[in-house]
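I have placed the structure first, in the form of structure tokens, so that the comments after it can refer back to it.
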Amino acid sequence: MTSTAVCRSQQTATVTVMGPSGAGVRTMIESASDIDRLPSVAGSPGRRPPFQVGRLDIGEQLVVRLLALSPDGLHRSLWPALTADALGVAVVVDGRQIGAGFGSLDHVERAGLPYGVIVNRFDDHLDHTLAEIRSAMDLPDRVVLVDGDGRDRVQAQMALLTVLDGLFAWS
């Protein structure tokens with residue numbers, strides 16, 4: 001089979017990744033992505049661009065486009081356009097500051113989008129079990145909740161793939 005034929009048979013899915021500042025959204029995208037970090041194309045010097053992209057290849061059949069949104073709210077007006085074709089949203093929360101993730105969860109729930117939650121486990125430690133976190137965040141059973149260290153490539157990929165699996169099941 002030629003590479004052109006492979007490209008034509010690939011399916012793509014977009015997952016928007018968001019979370020509060022400091023939760024590790026951009027780090028997770030950089031760790032998990034199968035492409036090198038792209039140069040900043042928007043924003044002024046010393047300021048991060050409003051979003052970041054990544055790509056996760058799953059065999060030859062599926063390409064997952066990862067779109068990380070800035071948590072500062074500056075581009076929330078673009079939210080409908082940026083999530084229109086997305087399979088859903090992966091909300092990343094800092095395992096040390098779970099409460100900081102409520103704003104992101106509220107935004108996703110108000111938009112009516114399918115989502116999963118990734119608890120970013122820094123230094124291989126969580127103060128609470130995933131069951132306690134699910135209860136504190138009042139997450140429905142159909143919402144995937146997973147943890148992993150976003151700085152580790154394998155853990156970041158596994159967390160995103162687990163959420164992706166849940167998003168496929170949601171639809």
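For the structure tokens, the naming scheme is as follows: chains receive sequential letters (A, B, ...) according to their order of presentation, residues are indexed from 1 within each chain, and ligands are indexed from 1 in presentation order.
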Pick out the residues sitting within 6 Å of segment 111-119 of chain A, and hand them over as a VMD selection string; count only C-alpha atoms, and ignore anything fewer than 2 positions along from it in its own chain.
chain A and resid 88 to 95 108 to 109 143 to 147 163
Save out the residues we just selected, N, CA and C atoms, as a PDB file, in the first residue's frame.
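Output (selection-v3.pdb):
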ATOM      1  N   GLY A  88     -14.464  15.966  21.723  1.00  0.00           N
ATOM      2  CA  GLY A  88     -14.765  16.361  23.087  1.00  0.00           C
ATOM      3  C   GLY A  88     -13.579  17.072  23.701  1.00  0.00           C
ATOM      4  N   VAL A  89     -13.609  17.182  25.015  1.00  0.00           N
ATOM      5  CA  VAL A  89     -12.619  17.959  25.748  1.00  0.00           C
ATOM      6  C   VAL A  89     -11.972  17.097  26.821  1.00  0.00           C
ATOM      7  N   ALA A  90     -10.661  17.241  26.941  1.00  0.00           N
ATOM      8  CA  ALA A  90      -9.922  16.659  28.057  1.00  0.00           C
ATOM      9  C   ALA A  90      -9.600  17.814  28.995  1.00  0.00           C
ATOM     10  N   VAL A  91     -10.148  17.785  30.198  1.00  0.00           N
ATOM     11  CA  VAL A  91      -9.882  18.815  31.188  1.00  0.00           C
ATOM     12  C   VAL A  91      -8.749  18.327  32.085  1.00  0.00           C
ATOM     13  N   VAL A  92      -7.661  19.089  32.122  1.00  0.00           N
ATOM     14  CA  VAL A  92      -6.504  18.732  32.944  1.00  0.00           C
ATOM     15  C   VAL A  92      -6.560  19.533  34.231  1.00  0.00           C
ATOM     16  N   VAL A  93      -6.466  18.844  35.361  1.00  0.00           N
ATOM     17  CA  VAL A  93      -6.447  19.531  36.655  1.00  0.00           C
ATOM     18  C   VAL A  93      -5.189  19.106  37.420  1.00  0.00           C
ATOM     19  N   ASP A  94      -4.679  20.015  38.199  1.00  0.00           N
ATOM     20  CA  ASP A  94      -3.502  19.762  39.032  1.00  0.00           C
ATOM     21  C   ASP A  94      -3.944  18.923  40.226  1.00  0.00           C
ATOM     22  N   GLY A  95      -3.310  17.772  40.416  1.00  0.00           N
ATOM     23  CA  GLY A  95      -3.665  16.884  41.523  1.00  0.00           C
ATOM     24  C   GLY A  95      -3.482  17.506  42.886  1.00  0.00           C
ATOM     25  N   VAL A 108     -17.056  23.678  30.272  1.00  0.00           N
ATOM     26  CA  VAL A 108     -17.305  22.540  29.386  1.00  0.00           C
ATOM     27  C   VAL A 108     -18.725  22.020  29.568  1.00  0.00           C
ATOM     28  N   GLU A 109     -19.175  21.919  30.805  1.00  0.00           N
ATOM     29  CA  GLU A 109     -20.526  21.419  31.062  1.00  0.00           C
ATOM     30  C   GLU A 109     -21.583  22.369  30.519  1.00  0.00           C
ATOM     31  N   VAL A 143     -18.206  10.080  32.756  1.00  0.00           N
ATOM     32  CA  VAL A 143     -17.018  10.906  32.562  1.00  0.00           C
ATOM     33  C   VAL A 143     -15.783  10.114  32.974  1.00  0.00           C
ATOM     34  N   VAL A 144     -14.866   9.942  32.032  1.00  0.00           N
ATOM     35  CA  VAL A 144     -13.615   9.239  32.328  1.00  0.00           C
ATOM     36  C   VAL A 144     -12.777  10.111  33.254  1.00  0.00           C
ATOM     37  N   LEU A 145     -12.235   9.507  34.288  1.00  0.00           N
ATOM     38  CA  LEU A 145     -11.330  10.180  35.222  1.00  0.00           C
ATOM     39  C   LEU A 145     -10.073   9.329  35.310  1.00  0.00           C
ATOM     40  N   VAL A 146      -8.946   9.929  34.976  1.00  0.00           N
ATOM     41  CA  VAL A 146      -7.682   9.205  34.939  1.00  0.00           C
ATOM     42  C   VAL A 146      -6.592  10.113  35.497  1.00  0.00           C
ATOM     43  N   ASP A 147      -5.530   9.510  35.982  1.00  0.00           N
ATOM     44  CA  ASP A 147      -4.411  10.326  36.462  1.00  0.00           C
ATOM     45  C   ASP A 147      -3.136   9.917  35.740  1.00  0.00           C
ATOM     46  N   VAL A 163      -8.925   9.065  27.889  1.00  0.00           N
ATOM     47  CA  VAL A 163     -10.004  10.044  27.721  1.00  0.00           C
ATOM     48  C   VAL A 163     -10.607   9.922  26.321  1.00  0.00           C
TER      49      VAL A 163
END
Determine which residues of chain A receive a DSSP assignment of alpha helix (DSSP H), computed from the backbone, and state them as a VMD selection string.
chain A and resid 3 to 9 25 to 32 79 to 83 102 to 111 130 to 137 153 to 170
Neighbour list for segment 51-68 of chain A as a list in words, cut-off 6 Å, only C-alpha atoms, skip fewer than 2 positions in-chain
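My list of contacting residues is Gln10, Gln11, Thr12, Ala13, Thr14, Val15, Thr16, Val17, Met18, Ile29, Ser33, Asp34, Pro49 and Ser70 of chain A.
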Since we have the selection now, will you write its residues out, keeping N, CA and C atoms, as a compact mmCIF listing (two decimals), in the first residue's frame?
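Printed below is result_26.txt as written:
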# COMPACT_ATOMS: atom_id res chain seq x y z
N GLN A 10 -6.75 7.22 6.68
CA GLN A 10 -6.67 7.67 8.07
C GLN A 10 -7.92 8.45 8.46
N GLN A 11 -8.35 8.23 9.67
CA GLN A 11 -9.42 9.01 10.26
C GLN A 11 -8.78 10.01 11.21
N THR A 12 -9.40 11.15 11.38
CA THR A 12 -8.88 12.13 12.33
C THR A 12 -9.93 12.45 13.37
N ALA A 13 -9.46 12.75 14.54
CA ALA A 13 -10.33 13.18 15.62
C ALA A 13 -9.62 14.34 16.31
N THR A 14 -10.37 15.32 16.73
CA THR A 14 -9.79 16.45 17.45
C THR A 14 -10.26 16.41 18.89
N VAL A 15 -9.31 16.56 19.80
CA VAL A 15 -9.63 16.65 21.22
C VAL A 15 -9.08 17.98 21.71
N THR A 16 -9.96 18.78 22.29
CA THR A 16 -9.54 20.05 22.88
C THR A 16 -9.10 19.76 24.31
N VAL A 17 -7.96 20.30 24.69
CA VAL A 17 -7.41 20.07 26.02
C VAL A 17 -7.35 21.42 26.72
N MET A 18 -7.93 21.49 27.91
CA MET A 18 -7.91 22.75 28.64
C MET A 18 -7.82 22.50 30.13
N ILE A 29 0.59 18.28 26.38
CA ILE A 29 0.54 18.26 24.91
C ILE A 29 1.95 18.06 24.36
N SER A 33 2.71 14.62 22.27
CA SER A 33 2.63 14.85 20.83
C SER A 33 3.71 14.11 20.04
N ASP A 34 3.30 13.65 18.87
CA ASP A 34 4.22 13.00 17.94
C ASP A 34 4.88 13.99 16.99
N PRO A 49 1.20 31.96 23.28
CA PRO A 49 0.12 32.05 22.30
C PRO A 49 -1.18 31.53 22.92
N SER A 70 -5.56 28.29 25.93
CA SER A 70 -5.03 29.10 27.01
C SER A 70 -6.08 29.21 28.11
Hey, can you check how far atom CA of Pro140 of chain A sits from atom CA of Asp106 of chain A?
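Going from atom CA of Pro140 of chain A over to atom CA of Asp106 of chain A covers 13.3 Å.
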Run DSSP on the backbone and grab whatever in chain A lands in strand (DSSP E or B); send it over as a ChimeraX atom specification.
/A:11-18,51-58,62-69,86-94,115-120,145-148
Do you know which residues are at most 8 Å from Ser31 of chain A counting only C-alpha atoms, after dropping those on the same chain fewer than 2 positions away, and could you put them as a short mmCIF file (atom, residue, chain, number, x, y, z; two decimals) with C-alpha atoms, in the first residue's frame?
data_model
loop_
_atom_site.label_atom_id
_atom_site.label_comp_id
_atom_site.auth_asym_id
_atom_site.auth_seq_id
_atom_site.Cartn_x
_atom_site.Cartn_y
_atom_site.Cartn_z
CA THR A 27 3.34 20.29 29.15
CA MET A 28 1.01 17.34 28.58
CA ILE A 29 0.54 18.26 24.91
CA SER A 33 2.63 14.85 20.83
CA GLY A 150 1.93 15.04 32.16
CA ARG A 151 5.71 15.43 32.01
CA ASP A 152 6.14 11.75 31.16
CA ARG A 153 5.50 10.92 27.49
CA ALA A 156 0.60 11.68 29.07
CA GLN A 157 -0.24 9.59 26.01
#
